[in-house]
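*Asks:* Input: one structure, supplied below.
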Amino acid sequence: MRTRYTVSDGKFVLSLEVAEEGGYVVTSPLDPELITQAESIEEAFVNARDAARALKQARLKLARRLSTPATPR
């Protein structure tokens, strides 16, 4: 049985699952694509913020690509 914790800092809600090799696998119940790792709860929030920024940038880039009309060849 894996140990899982739900934590929040008032802005982020994270699920921390204790990893076999130590530390935590960090996910967000509010964004299933957000996945990272951390050695502590404090690091989990730092890494989750970094992952959220990276996801936002990737989603914006994809949205721009999808909204740009194709040019005929």
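In the structure tokens, each chain is lettered A, B, ... as it comes, each chain's residues begin at 1, and ligands are numbered from 1 in order of appearance.
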As a list in words, please: every residue in range 22-71 of chain A that DSSP puts in strand (DSSP E).

*Replies:*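 The strand (DSSP E) subset of range 22-71 of chain A is Tyr24, Val25, Val26, Thr27, Ser28, Asp31, Pro32, Glu33, Leu34, Ile35, Thr36, Gln37 and Ala38 of chain A.
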
*Asks:* Excluding same-chain residues fewer than 4 positions from range 4-21 of chain A, what lies within 12 Å of it counting only C-alpha atoms, as an MDAnalysis selection string?

*Replies:* chainID A and resid 25:32 34:49 51:52

*Asks:* Residues as selected, N, CA, C and O atoms, written as a short mmCIF file (atom, residue, chain, number, x, y, z; two decimals), in the first residue's frame, can you do that?

*Replies:*
```cif
data_model
loop_
_atom_site.label_atom_id
_atom_site.label_comp_id
_atom_site.auth_asym_id
_atom_site.auth_seq_id
_atom_site.Cartn_x
_atom_site.Cartn_y
_atom_site.Cartn_z
N VAL A 25 6.38 11.53 -5.35
CA VAL A 25 5.86 11.80 -6.68
C VAL A 25 4.73 12.80 -6.45
O VAL A 25 3.83 12.57 -5.64
N VAL A 26 4.79 13.93 -7.14
CA VAL A 26 3.88 15.05 -6.91
C VAL A 26 2.93 15.18 -8.10
O VAL A 26 3.38 15.29 -9.24
N THR A 27 1.64 15.19 -7.82
CA THR A 27 0.63 15.40 -8.85
C THR A 27 -0.37 16.42 -8.33
O THR A 27 -0.35 16.79 -7.16
N SER A 28 -1.27 16.84 -9.23
CA SER A 28 -2.31 17.77 -8.82
C SER A 28 -3.67 17.20 -9.20
O SER A 28 -3.88 16.86 -10.36
N PRO A 29 -4.59 17.10 -8.24
CA PRO A 29 -5.92 16.62 -8.57
C PRO A 29 -6.68 17.60 -9.47
O PRO A 29 -7.64 17.23 -10.12
N LEU A 30 -6.22 18.84 -9.56
CA LEU A 30 -6.87 19.85 -10.38
C LEU A 30 -6.30 19.93 -11.79
O LEU A 30 -6.89 20.56 -12.66
N ASP A 31 -5.14 19.32 -12.02
CA ASP A 31 -4.51 19.30 -13.35
C ASP A 31 -3.79 17.97 -13.52
O ASP A 31 -2.65 17.81 -13.10
N PRO A 32 -4.44 17.01 -14.16
CA PRO A 32 -3.85 15.67 -14.27
C PRO A 32 -2.54 15.60 -15.05
O PRO A 32 -1.82 14.62 -14.94
N LEU A 34 -0.04 17.66 -14.56
CA LEU A 34 1.04 18.15 -13.69
C LEU A 34 1.60 16.98 -12.89
O LEU A 34 0.92 16.41 -12.05
N ILE A 35 2.84 16.64 -13.20
CA ILE A 35 3.54 15.55 -12.50
C ILE A 35 4.99 15.98 -12.33
O ILE A 35 5.63 16.43 -13.27
N THR A 36 5.49 15.85 -11.11
CA THR A 36 6.89 16.17 -10.84
C THR A 36 7.35 15.32 -9.65
O THR A 36 6.61 14.46 -9.17
N GLN A 37 8.57 15.55 -9.20
CA GLN A 37 9.11 14.83 -8.04
C GLN A 37 9.68 15.84 -7.06
O GLN A 37 10.01 16.97 -7.44
N ALA A 38 9.81 15.43 -5.81
CA ALA A 38 10.38 16.31 -4.79
C ALA A 38 10.90 15.48 -3.62
O ALA A 38 10.45 14.37 -3.40
N GLU A 39 11.82 16.07 -2.89
CA GLU A 39 12.38 15.43 -1.70
C GLU A 39 11.68 15.89 -0.42
O GLU A 39 11.80 15.24 0.60
N SER A 40 10.98 17.02 -0.50
CA SER A 40 10.29 17.55 0.68
C SER A 40 8.99 18.22 0.24
O SER A 40 8.78 18.46 -0.95
N ILE A 41 8.15 18.54 1.21
CA ILE A 41 6.89 19.23 0.89
C ILE A 41 7.18 20.61 0.32
O ILE A 41 6.56 21.04 -0.65
N GLU A 42 8.14 21.32 0.88
CA GLU A 42 8.49 22.65 0.39
C GLU A 42 8.95 22.57 -1.06
O GLU A 42 8.54 23.37 -1.90
N GLU A 43 9.80 21.60 -1.36
CA GLU A 43 10.29 21.42 -2.73
C GLU A 43 9.15 21.01 -3.66
O GLU A 43 9.13 21.38 -4.83
N ALA A 44 8.17 20.29 -3.14
CA ALA A 44 7.02 19.88 -3.95
C ALA A 44 6.29 21.11 -4.49
O ALA A 44 5.90 21.15 -5.66
N PHE A 45 6.10 22.12 -3.66
CA PHE A 45 5.41 23.33 -4.11
C PHE A 45 6.26 24.10 -5.12
O PHE A 45 5.73 24.61 -6.11
N VAL A 46 7.55 24.19 -4.89
CA VAL A 46 8.44 24.87 -5.84
C VAL A 46 8.40 24.15 -7.18
O VAL A 46 8.22 24.78 -8.24
N ASN A 47 8.56 22.84 -7.16
CA ASN A 47 8.58 22.08 -8.40
C ASN A 47 7.21 22.10 -9.09
O ASN A 47 7.14 22.14 -10.33
N ALA A 48 6.14 22.08 -8.33
CA ALA A 48 4.79 22.13 -8.92
C ALA A 48 4.56 23.47 -9.61
O ALA A 48 3.96 23.53 -10.68
N ARG A 49 5.04 24.55 -9.01
CA ARG A 49 4.91 25.87 -9.67
C ARG A 49 5.69 25.90 -10.97
O ARG A 49 5.20 26.40 -11.99
N ALA A 51 6.46 23.30 -12.85
CA ALA A 51 5.76 22.43 -13.78
C ALA A 51 4.51 23.11 -14.32
O ALA A 51 4.19 23.01 -15.51
N ALA A 52 3.78 23.83 -13.48
CA ALA A 52 2.57 24.54 -13.92
C ALA A 52 2.92 25.62 -14.94
O ALA A 52 2.21 25.79 -15.93
#
```

*Asks:* Write out as number ranges by chain all residues of chain A that DSSP puts in helix (DSSP H, G or I) for this structure's backbone.

*Replies:* A: 41-67

*Asks:* How many Å lie between CA of Ser67 in chain A and CA of Leu55 in chain A, rounded to one decimal?

*Replies:*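 According to the coordinates, CA of Ser67 in chain A and CA of Leu55 in chain A are separated by 18.1 Å.
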